[in-house]
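Chemist: Got a file for you: final.cif, mmCIF, C-alpha atoms.
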```cif
data_query
#
loop_
_atom_site.label_atom_id
_atom_site.label_comp_id
_atom_site.auth_asym_id
_atom_site.auth_seq_id
_atom_site.Cartn_x
_atom_site.Cartn_y
_atom_site.Cartn_z
CA MET L 1 57.97 60.75 -10.38
CA GLY L 2 55.71 59.33 -13.13
CA ILE L 3 55.07 61.01 -16.38
CA ASP L 4 51.42 61.44 -17.45
CA LYS L 5 50.73 59.95 -20.84
CA PRO L 6 49.03 62.31 -23.25
CA TYR L 7 45.30 61.73 -23.91
CA THR L 8 45.10 60.57 -27.50
CA ASP L 9 42.43 59.65 -30.04
CA GLN L 10 43.45 56.01 -29.49
CA THR L 11 42.65 56.29 -25.79
CA GLU L 12 39.21 57.73 -26.55
CA SER L 13 38.59 54.94 -29.04
CA ASN L 14 39.49 52.30 -26.44
CA LEU L 15 37.15 53.88 -23.90
CA LYS L 16 34.31 53.87 -26.42
CA GLN L 17 34.93 50.20 -27.17
CA VAL L 18 34.80 49.31 -23.47
CA LEU L 19 31.60 51.34 -23.03
CA LYS L 20 29.98 49.65 -26.03
CA PHE L 21 30.90 46.22 -24.70
CA TYR L 22 29.45 47.08 -21.29
CA LEU L 23 26.21 48.32 -22.85
CA PHE L 24 26.05 45.16 -24.95
CA LEU L 25 26.30 42.99 -21.80
CA VAL L 26 23.57 45.01 -20.08
CA LEU L 27 21.31 44.66 -23.12
CA CYS L 28 21.88 40.89 -23.32
CA SER L 29 21.12 40.49 -19.64
CA THR L 30 17.89 42.46 -20.05
CA LEU L 31 16.79 40.44 -23.07
CA VAL L 32 17.45 37.15 -21.29
CA SER L 33 15.62 38.09 -18.10
CA TRP L 34 12.72 39.97 -19.69
CA PRO L 35 10.77 36.95 -21.05
CA ALA L 36 11.05 35.13 -17.70
CA GLU L 37 9.93 38.20 -15.79
CA SER L 38 7.10 38.72 -18.26
CA ASN L 39 5.99 35.08 -17.95
CA ASN L 40 6.15 35.20 -14.16
CA SER L 41 4.08 38.37 -14.16
CA GLN L 42 1.48 36.74 -16.39
CA VAL L 43 1.35 33.63 -14.19
CA ASP L 44 1.00 35.80 -11.08
CA GLN L 45 -1.96 37.52 -12.69
CA GLU L 46 -3.58 34.21 -13.71
CA VAL L 47 -3.06 32.68 -10.26
CA SER L 48 -4.50 35.74 -8.55
CA LEU L 49 -7.75 35.15 -10.48
CA GLY L 50 -7.82 31.53 -9.30
CA ILE L 51 -6.92 28.20 -10.89
CA SER L 52 -9.52 26.19 -12.77
CA PHE L 53 -9.66 22.40 -12.81
CA ALA L 54 -11.34 19.57 -14.71
CA ALA L 55 -12.12 16.25 -13.04
CA SER L 56 -14.22 13.12 -13.52
CA ASP L 57 -17.92 13.43 -12.72
CA THR L 58 -18.18 9.85 -11.41
CA ILE L 59 -15.74 9.77 -8.49
CA ALA L 60 -17.88 10.72 -5.49
CA PRO L 61 -16.94 11.03 -2.64
CA TYR L 62 -13.72 12.56 -4.03
CA PHE L 63 -15.72 15.22 -5.88
CA TYR L 64 -19.46 15.62 -5.44
CA PRO L 65 -21.33 16.63 -8.62
CA GLU L 66 -24.20 18.30 -6.73
CA GLN L 67 -22.10 20.89 -4.88
CA PRO L 68 -18.46 21.84 -4.20
CA GLY L 69 -17.06 19.28 -1.80
CA GLY L 70 -15.49 15.86 -1.43
CA ILE L 71 -12.22 14.36 -0.24
CA GLN L 72 -10.00 15.58 -3.07
CA TYR L 73 -11.85 18.88 -3.27
CA GLU L 74 -11.04 19.64 0.38
CA LEU L 75 -7.40 18.55 0.02
CA LEU L 76 -6.94 20.66 -3.11
CA LYS L 77 -8.74 23.67 -1.61
CA HIS L 78 -6.57 23.69 1.52
CA ALA L 79 -3.34 23.06 -0.39
CA LEU L 80 -4.00 26.15 -2.53
CA GLU L 81 -5.24 28.37 0.29
CA ASN L 82 -2.16 27.58 2.39
CA SER L 83 -0.04 28.92 -0.50
CA ASN L 84 -2.20 32.02 -1.11
CA MET L 85 -4.02 30.56 -4.12
CA HIS L 86 -7.61 29.48 -4.66
CA ILE L 87 -9.89 27.40 -6.89
CA SER L 88 -11.75 29.52 -9.41
CA HIS L 89 -13.85 26.70 -10.89
CA ILE L 90 -14.01 22.90 -11.16
CA GLU L 91 -15.64 21.37 -14.23
CA LEU L 92 -16.83 17.81 -13.57
CA ALA L 93 -17.15 15.83 -16.81
CA PRO L 94 -16.60 12.36 -18.28
CA ASN L 95 -12.91 11.46 -18.26
CA LYS L 96 -12.27 12.07 -21.96
CA ARG L 97 -14.04 15.44 -21.95
CA ALA L 98 -12.18 16.54 -18.81
CA LEU L 99 -8.92 15.82 -20.60
CA ARG L 100 -10.05 17.70 -23.73
CA LEU L 101 -10.98 20.75 -21.63
CA THR L 102 -7.47 20.85 -20.18
CA LEU L 103 -5.72 20.30 -23.50
CA ALA L 104 -7.80 23.11 -25.03
CA GLY L 105 -6.87 25.47 -22.19
CA LYS L 106 -10.46 25.76 -20.95
CA ALA L 107 -9.30 24.36 -17.61
CA ASP L 108 -5.85 25.07 -16.18
CA CYS L 109 -5.28 21.59 -14.76
CA LEU L 110 -6.66 18.06 -14.89
CA VAL L 111 -7.21 16.18 -11.63
CA ASN L 112 -6.24 12.48 -11.58
CA ALA L 113 -4.41 12.84 -14.87
CA PRO L 114 -3.35 9.63 -16.64
CA GLU L 115 0.39 9.28 -17.18
CA GLY L 116 2.17 10.06 -20.43
CA ILE L 117 0.43 13.16 -21.78
CA SER L 118 3.41 14.95 -23.31
CA SER L 119 1.71 18.34 -23.72
CA LEU L 120 0.84 18.62 -20.02
CA HIS L 121 3.03 19.23 -16.98
CA TYR L 122 2.58 17.05 -13.90
CA THR L 123 2.57 17.68 -10.18
CA GLN L 124 3.27 15.19 -7.46
CA SER L 125 0.39 13.13 -6.09
CA LEU L 126 -2.32 15.02 -4.21
CA ASN L 127 -3.45 11.75 -2.58
CA GLU L 128 -3.63 8.06 -3.37
CA TYR L 129 -6.54 5.85 -4.39
CA LYS L 130 -6.74 2.46 -2.73
CA ASN L 131 -8.42 -0.11 -4.91
CA SER L 132 -9.56 -3.36 -3.31
CA VAL L 133 -11.59 -6.46 -3.98
CA PHE L 134 -14.78 -6.73 -1.93
CA THR L 135 -16.77 -9.90 -1.19
CA LEU L 136 -19.68 -10.79 1.07
CA ASP L 137 -18.63 -12.57 4.23
CA SER L 138 -21.38 -15.13 3.64
CA GLU L 139 -19.63 -16.31 0.46
CA GLN L 140 -16.72 -17.58 2.59
CA LEU L 141 -14.20 -16.86 -0.13
CA ASN L 142 -10.46 -16.86 0.40
CA ILE L 143 -8.48 -14.54 -1.89
CA SER L 144 -4.75 -14.95 -1.47
CA SER L 145 -3.59 -13.36 -4.73
CA ILE L 146 -4.75 -11.69 -7.93
CA ALA L 147 -4.50 -15.06 -9.70
CA SER L 148 -7.09 -16.56 -7.33
CA LEU L 149 -9.70 -14.07 -8.62
CA ASN L 150 -10.28 -16.32 -11.64
CA GLN L 151 -12.18 -18.71 -9.37
CA MET L 152 -15.15 -16.35 -8.89
CA THR L 153 -17.43 -14.03 -10.83
CA LEU L 154 -15.83 -10.61 -10.70
CA LEU L 155 -17.10 -7.16 -11.69
CA GLY L 156 -14.66 -4.29 -12.22
CA PHE L 157 -15.00 -0.58 -12.85
CA GLN L 158 -14.52 0.78 -16.38
CA ASN L 159 -10.97 0.30 -17.69
CA ALA L 160 -9.84 -1.40 -14.48
CA VAL L 161 -7.52 -3.56 -16.58
CA ARG L 162 -5.60 -0.39 -17.54
CA TYR L 163 -5.08 0.79 -13.98
CA LEU L 164 -4.54 -2.27 -11.80
CA GLY L 165 -1.32 -3.68 -13.19
CA GLU L 166 -0.29 -6.35 -15.65
CA ASP L 167 -1.05 -9.29 -13.32
CA PHE L 168 -4.65 -8.16 -13.03
CA ALA L 169 -4.93 -7.49 -16.77
CA GLU L 170 -3.57 -10.95 -17.57
CA MET L 171 -6.03 -12.58 -15.16
CA ALA L 172 -8.95 -10.56 -16.59
CA ARG L 173 -8.15 -11.46 -20.21
CA ALA L 174 -8.24 -15.17 -19.41
CA HIS L 175 -11.22 -15.04 -17.04
CA GLU L 176 -14.64 -15.65 -18.62
CA GLY L 177 -16.35 -14.59 -15.40
CA TYR L 178 -14.85 -11.09 -15.43
CA SER L 179 -16.65 -8.01 -16.75
CA GLU L 180 -16.63 -4.22 -16.31
CA VAL L 181 -19.32 -1.56 -15.94
CA THR L 182 -19.31 2.23 -16.22
CA ASN L 183 -21.82 2.70 -13.39
CA GLN L 184 -20.18 1.96 -10.06
CA GLN L 185 -23.54 1.89 -8.29
CA SER L 186 -24.26 -1.23 -10.35
CA GLN L 187 -21.27 -2.93 -8.77
CA ILE L 188 -22.69 -2.37 -5.28
CA VAL L 189 -26.16 -3.60 -6.26
CA MET L 190 -24.80 -6.71 -7.96
CA LEU L 191 -22.55 -7.60 -5.03
CA PHE L 192 -25.20 -7.24 -2.33
CA THR L 193 -27.84 -9.08 -4.41
CA LYS L 194 -25.29 -11.87 -5.01
CA ARG L 195 -25.35 -11.58 -8.78
CA VAL L 196 -21.54 -11.50 -8.66
CA GLN L 197 -19.22 -12.87 -6.00
CA ALA L 198 -16.72 -10.02 -5.97
CA VAL L 199 -16.25 -6.43 -7.12
CA VAL L 200 -13.17 -4.26 -7.63
CA LEU L 201 -13.58 -0.69 -6.38
CA GLU L 202 -11.70 2.14 -4.72
CA ARG L 203 -12.43 1.77 -1.01
CA GLU L 204 -13.79 5.29 -0.38
CA ILE L 205 -16.04 5.01 -3.45
CA PHE L 206 -17.27 1.63 -2.21
CA ALA L 207 -18.12 3.14 1.19
CA HIS L 208 -19.93 6.06 -0.45
CA TYR L 209 -22.21 3.95 -2.65
CA ARG L 210 -22.79 1.42 0.11
CA ARG L 211 -24.29 4.24 2.19
CA LEU L 212 -26.12 5.81 -0.74
CA LEU L 213 -27.89 2.58 -1.73
CA LYS L 214 -28.79 1.29 1.74
CA ASN L 215 -32.51 1.84 1.12
CA ARG L 216 -32.40 0.08 -2.24
CA VAL L 217 -30.56 -3.11 -1.29
CA ASP L 218 -29.45 -4.68 1.98
CA THR L 219 -25.97 -3.19 2.28
CA SER L 220 -25.77 -4.06 5.99
CA GLN L 221 -24.45 -7.52 5.09
CA LEU L 222 -20.93 -8.17 6.36
CA VAL L 223 -18.22 -7.51 3.80
CA LYS L 224 -14.60 -8.57 3.47
CA GLU L 225 -12.03 -6.29 1.85
CA TRP L 226 -9.02 -7.77 0.07
CA PRO L 227 -6.32 -5.08 -0.50
CA LEU L 228 -4.49 -6.72 -3.38
CA PHE L 229 -3.31 -3.55 -5.12
CA ALA L 230 -0.68 -0.91 -4.37
CA PRO L 231 -1.94 2.63 -3.64
CA ALA L 232 -2.41 4.57 -6.90
CA PRO L 233 -0.94 8.12 -6.97
CA ARG L 234 -3.40 10.82 -8.06
CA LYS L 235 -1.47 13.55 -9.87
CA LEU L 236 -2.57 16.81 -11.44
CA ALA L 237 -1.45 17.84 -14.94
CA CYS L 238 -1.49 21.44 -16.17
CA LYS L 239 -1.20 23.21 -19.49
CA SER L 240 1.20 25.80 -18.03
CA PRO L 241 4.51 24.56 -16.60
CA GLN L 242 4.59 27.59 -14.28
CA ILE L 243 1.17 26.81 -12.81
CA ALA L 244 2.17 23.15 -12.45
CA GLN L 245 5.27 24.24 -10.55
CA ARG L 246 3.25 26.49 -8.23
CA LEU L 247 0.77 23.69 -7.57
CA ASN L 248 3.53 21.17 -6.99
CA GLN L 249 5.11 23.40 -4.36
CA ALA L 250 1.73 23.94 -2.70
CA ILE L 251 0.96 20.20 -2.61
CA ALA L 252 4.43 19.32 -1.30
CA SER L 253 4.13 21.85 1.50
CA PHE L 254 0.61 20.77 2.40
CA ARG L 255 1.34 17.03 2.39
CA SER L 256 4.25 17.53 4.80
CA SER L 257 2.00 19.31 7.31
CA LYS L 258 -0.06 17.82 10.15
CA GLU L 259 -3.09 19.56 8.68
CA TYR L 260 -3.08 17.23 5.67
CA GLN L 261 -3.72 14.09 7.70
CA SER L 262 -6.18 15.90 9.94
CA ILE L 263 -8.33 17.00 7.00
CA LEU L 264 -8.07 13.59 5.37
CA GLU L 265 -9.36 11.87 8.49
CA LYS L 266 -12.17 14.40 8.82
CA VAL L 267 -13.53 13.99 5.28
CA SER L 268 -12.90 10.25 4.85
CA LEU L 269 -15.90 7.90 4.94
CA ILE L 270 -13.74 5.16 6.41
CA PRO L 271 -12.79 5.40 10.13
CA ASN L 272 -9.05 5.80 10.76
CA SER L 273 -8.39 6.02 7.02
CA THR L 274 -4.84 6.88 6.03
CA GLN L 275 -3.44 7.82 2.65
#
```
What would the structure in this file look like if it were written as structure tokens?
Modeler:
Amino acid sequence: MGIDKPYTDQTESNLKQVLKFYLFLVLCSTLVSWPAESNNSQVDQEVSLGISFAASDTIAPYFYPEQPGGIQYELLKHALENSNMHISHIELAPNKRALRLTLAGKADCLVNAPEGISSLHYTQSLNEYKNSVFTLDSEQLNISSIASLNQMTLLGFQNAVRYLGEDFAEMARAHEGYSEVTNQQSQIVMLFTKRVQAVVLEREIFAHYRRLLKNRVDTSQLVKEWPLFAPAPRKLACKSPQIAQRLNQAIASFRSSKEYQSILEKVSLIPNSTQ
């Protein structure tokens, strides 16, 4: 038969020490989890009010400046709605101003963000741009590579040399017949009036302006497309890492669905277009 040990002051002291240690662990756990819970609560509140975006004002038909709509607008809208989020506002502005709006926190995220902005947090690609070289069939040109572009007068979009790879940039630097313009409508006019032999444009943008300018120039002339460039991912970049994470999950889920391709085909200006 065991003998009960007397309850002593030392025993009480040990119990107090154990209790203090337990309370200390609980307090530490609360302090560690509290900021995360607080941040999540704040993000939930922000997302419930909608997410604002900044994008270029010269990329129709991806975003139309006159009214909400366009290829990327529809993809972004459905991606968010499928994840119980929504667009609160989209500010269309010149590229540099769109970036400044995002960096200043006046827009939550930048659409088509350039790589390497350390203060922003990136999502995966919402879609891809497909840049091509376009020529008139009547010119009877044969373009087998980027290097062969130096044999013709060529008009690119603004900063094309920064986006189309080193081979293109090297060709452009050495090519006296290469130039760039800010107005992409000018590229269409100059191609169809034969003032240049070739233009470099994203294929959906080419199709848009070809339709838009049909009463100004004869855009019914047969055209050849030369897809010399790899598809260019179009990512979003956000000020808040939590919002970027939410958007990334929404885009990933949407892109893996059949609905994504269905919407893309519906809003594309090019029959049987795939991204």
Chemist: Enumerate, as a ChimeraX atom specification, the residues matched when the PyMOL selection byres ((chain L and resi 202) around 9) is run on the file above.
Modeler: /L:129-133,200-201,203-207
Chemist: For the structure provided, state which residues fall under the PyMOL selection byres ((chain L and resi 253-264) around 9), and present them as a list in words.
Modeler: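 Taken over the shown coordinates, the PyMOL selection byres ((chain L and resi 253-264) around 9) returns Ile71, Gln72, Glu74, Leu75, His78, Ala79, Leu80, Asn82, Ser83, Leu126, Asn127, Asn248, Gln249, Ala250, Ile251, Ala252, Glu265, Lys266, Val267, Ser268, Ser273, Thr274 and Gln275 of chain L.
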Chemist: Compare L:Ile59, L:Leu149, L:Ala169, L:Leu247 by their minimum atom-to-atom distance to Asp108 (chain L), counting all atoms listed in the file, and give me the closest one.
Modeler: L:Leu247
Chemist: Here's the selection I'm unsure about, the PyMOL selection byres ((chain L and resi 155-168) around 7); applied to the file above, which residues does it give, as a PyMOL selection string?
Modeler: chain L and resi 146+153-154+169-172+178-182+184+187+196+198-201+229
Chemist: Using Å and a single decimal, report how far CA of Asn150 (chain L) sits from CA of Lys224 (chain L).
Modeler: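 Computed distance, CA of Lys224 (chain L) to CA of Asn150 (chain L), equals 17.5 Å.
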Chemist: Determine the nearest neighbour of Tyr73 (chain L) from the options L:Leu99, L:Ile90, L:Met85, L:Ile51, counting only C-alpha atoms.
Modeler: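 Using only C-alpha atoms, Tyr73 (chain L) sits closest to L:Ile90.
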Chemist: Here is a test: counting all atoms listed in the file, which residue of L:Thr123, L:Thr135, L:Glu91, L:Glu81 is nearest to Pro227 (chain L)?
Modeler: L:Thr135
Chemist: How many Å separate CA of Gly70 (chain L) from CA of Ala107 (chain L)?
Modeler: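 If I compute the distance from CA of Gly70 (chain L) to CA of Ala107 (chain L), I get 19.3 Å.
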Chemist: Which of these, L:Ile188, L:Leu110, L:Met152, L:Leu136, has the shortest distance to Arg216 (chain L) once you count all atoms listed in the file?
Modeler: L:Ile188
Chemist: Please indicate the distance in Å from CA of Lys214 (chain L) to CA of Gln185 (chain L), rounded to one decimal place.
Modeler: 11.3 Å
Chemist: Please, which residues are within 7 Å of (0.2, 24.4, -21.4) by the file's coordinates, counting all atoms listed in the file, and could they come as a PyMOL selection string?
Modeler: chain L and resi 119-120+238-241
Chemist: Just the residues within 10 Å of Ser220 (chain L), please, counting all atoms listed in the file, with nothing from its chain fewer than 2 positions along; format it as an MDAnalysis selection string.
Modeler: chainID L and resid 192 210:211 214 217:218 222:223
Chemist: Restrict the selected residues to C-alpha atoms and save them as a CSV table (one decimal), in the frame of the given file.
Modeler:
```csv
chain,number,residue,atom,x,y,z
L,192,PHE,CA,-25.2,-7.2,-2.3
L,210,ARG,CA,-22.8,1.4,0.1
L,211,ARG,CA,-24.3,4.2,2.2
L,214,LYS,CA,-28.8,1.3,1.7
L,217,VAL,CA,-30.6,-3.1,-1.3
L,218,ASP,CA,-29.4,-4.7,2.0
L,222,LEU,CA,-20.9,-8.2,6.4
L,223,VAL,CA,-18.2,-7.5,3.8
```
Chemist: L:Gln67, L:Ala104, L:His208, L:Gln221: which is nearest Ser138 (chain L), counting all atoms listed in the file?
Modeler: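 Closest to Ser138 (chain L) of all the choices is L:Gln221.
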Chemist: Measuring between all atoms listed in the file, which one of L:Arg100, L:Lys194, L:His89, L:His175 shows the shortest distance to Asp137 (chain L)?
Modeler: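 Between L:Arg100, L:Lys194, L:His89, L:His175, the residue approaching Asp137 (chain L) most closely is L:Lys194.
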Chemist: Please write out, as lines of an AutoDock Vina configuration file, where the centre of an axis-aligned box around all listed atoms of region 200-216 of chain L lies and how long its edges are, in Å to one decimal, after adding 8 Å on each side.
Modeler:
```
center_x = -22.1
center_y = 0.9
center_z = -2.7
size_x = 36.8
size_y = 26.3
size_z = 25.8
```
Chemist: For the point (-10.0, -13.5, 0.5) in the file's frame, write as a PyMOL selection string all residues with an atom no more than 8 Å away, counting only C-alpha atoms.
Modeler: chain L and resi 135+141-144+224-226
Chemist: Output requested as a CSV table (one decimal), keeping the file's coordinate frame - region 93-104 of chain L, filled out with all heavy atoms.
Modeler:
```csv
chain,number,residue,atom,x,y,z
L,93,ALA,N,-16.7,16.3,-15.5
L,93,ALA,CA,-17.2,15.8,-16.8
L,93,ALA,C,-16.7,14.4,-17.0
L,93,ALA,O,-15.8,13.9,-16.2
L,93,ALA,CB,-16.6,16.7,-17.9
L,94,PRO,N,-17.2,13.7,-18.0
L,94,PRO,CA,-16.6,12.4,-18.3
L,94,PRO,C,-15.1,12.5,-18.5
L,94,PRO,O,-14.6,13.5,-18.9
L,94,PRO,CB,-17.3,12.0,-19.6
L,94,PRO,CG,-18.6,12.7,-19.5
L,94,PRO,CD,-18.3,14.0,-18.8
L,95,ASN,N,-14.4,11.4,-18.2
L,95,ASN,CA,-12.9,11.5,-18.3
L,95,ASN,C,-12.3,12.0,-19.5
L,95,ASN,O,-11.4,12.9,-19.5
L,95,ASN,CB,-12.3,10.0,-18.0
L,95,ASN,CG,-12.5,9.6,-16.6
L,95,ASN,OD1,-12.5,10.4,-15.7
L,95,ASN,ND2,-12.6,8.3,-16.4
L,96,LYS,N,-12.8,11.6,-20.7
L,96,LYS,CA,-12.3,12.1,-22.0
L,96,LYS,C,-12.5,13.6,-22.2
L,96,LYS,O,-11.7,14.3,-22.7
L,96,LYS,CB,-12.8,11.2,-23.1
L,96,LYS,CG,-12.3,9.8,-23.2
L,96,LYS,CD,-12.9,9.1,-24.4
L,96,LYS,CE,-12.3,7.6,-24.4
L,96,LYS,NZ,-12.8,6.9,-25.6
L,97,ARG,N,-13.7,14.0,-21.8
L,97,ARG,CA,-14.0,15.4,-22.0
L,97,ARG,C,-13.2,16.3,-21.0
L,97,ARG,O,-12.8,17.4,-21.3
L,97,ARG,CB,-15.5,15.7,-21.7
L,97,ARG,CG,-15.9,17.1,-21.9
L,97,ARG,CD,-17.4,17.3,-22.0
L,97,ARG,NE,-17.8,18.7,-22.2
L,97,ARG,CZ,-18.0,19.6,-21.1
L,97,ARG,NH1,-18.0,19.1,-19.9
L,97,ARG,NH2,-18.3,20.8,-21.4
L,98,ALA,N,-13.0,15.8,-19.8
L,98,ALA,CA,-12.2,16.5,-18.8
L,98,ALA,C,-10.8,16.7,-19.4
L,98,ALA,O,-10.2,17.8,-19.2
L,98,ALA,CB,-12.1,15.8,-17.5
L,99,LEU,N,-10.3,15.7,-20.0
L,99,LEU,CA,-8.9,15.8,-20.6
L,99,LEU,C,-8.9,16.8,-21.8
L,99,LEU,O,-8.0,17.7,-21.9
L,99,LEU,CB,-8.5,14.4,-21.1
L,99,LEU,CG,-7.1,14.4,-21.9
L,99,LEU,CD1,-6.0,15.0,-21.1
L,99,LEU,CD2,-6.8,13.0,-22.3
L,100,ARG,N,-10.0,16.8,-22.6
L,100,ARG,CA,-10.0,17.7,-23.7
L,100,ARG,C,-10.1,19.2,-23.2
L,100,ARG,O,-9.5,20.0,-23.9
L,100,ARG,CB,-11.3,17.4,-24.6
L,100,ARG,CG,-11.1,16.1,-25.4
L,100,ARG,CD,-12.1,16.1,-26.6
L,100,ARG,NE,-13.5,16.2,-26.1
L,100,ARG,CZ,-14.3,15.1,-25.8
L,100,ARG,NH1,-13.8,13.9,-26.0
L,100,ARG,NH2,-15.5,15.3,-25.4
L,101,LEU,N,-10.9,19.4,-22.2
L,101,LEU,CA,-11.0,20.8,-21.6
L,101,LEU,C,-9.6,21.3,-21.2
L,101,LEU,O,-9.3,22.5,-21.4
L,101,LEU,CB,-11.9,20.8,-20.4
L,101,LEU,CG,-13.4,20.6,-20.7
L,101,LEU,CD1,-14.2,20.4,-19.4
L,101,LEU,CD2,-14.0,21.8,-21.5
L,102,THR,N,-8.8,20.4,-20.6
L,102,THR,CA,-7.5,20.8,-20.2
L,102,THR,C,-6.6,21.1,-21.4
L,102,THR,O,-5.8,22.1,-21.4
L,102,THR,CB,-6.9,19.8,-19.2
L,102,THR,OG1,-7.8,19.5,-18.2
L,102,THR,CG2,-5.6,20.3,-18.6
L,103,LEU,N,-6.6,20.2,-22.3
L,103,LEU,CA,-5.7,20.3,-23.5
L,103,LEU,C,-6.1,21.6,-24.3
L,103,LEU,O,-5.2,22.2,-24.9
L,103,LEU,CB,-5.8,19.1,-24.4
L,103,LEU,CG,-5.3,17.8,-23.8
L,103,LEU,CD1,-5.6,16.6,-24.7
L,103,LEU,CD2,-3.8,17.9,-23.6
L,104,ALA,N,-7.4,21.9,-24.3
L,104,ALA,CA,-7.8,23.1,-25.0
L,104,ALA,C,-7.6,24.4,-24.2
L,104,ALA,O,-7.9,25.5,-24.7
L,104,ALA,CB,-9.3,23.0,-25.4
```
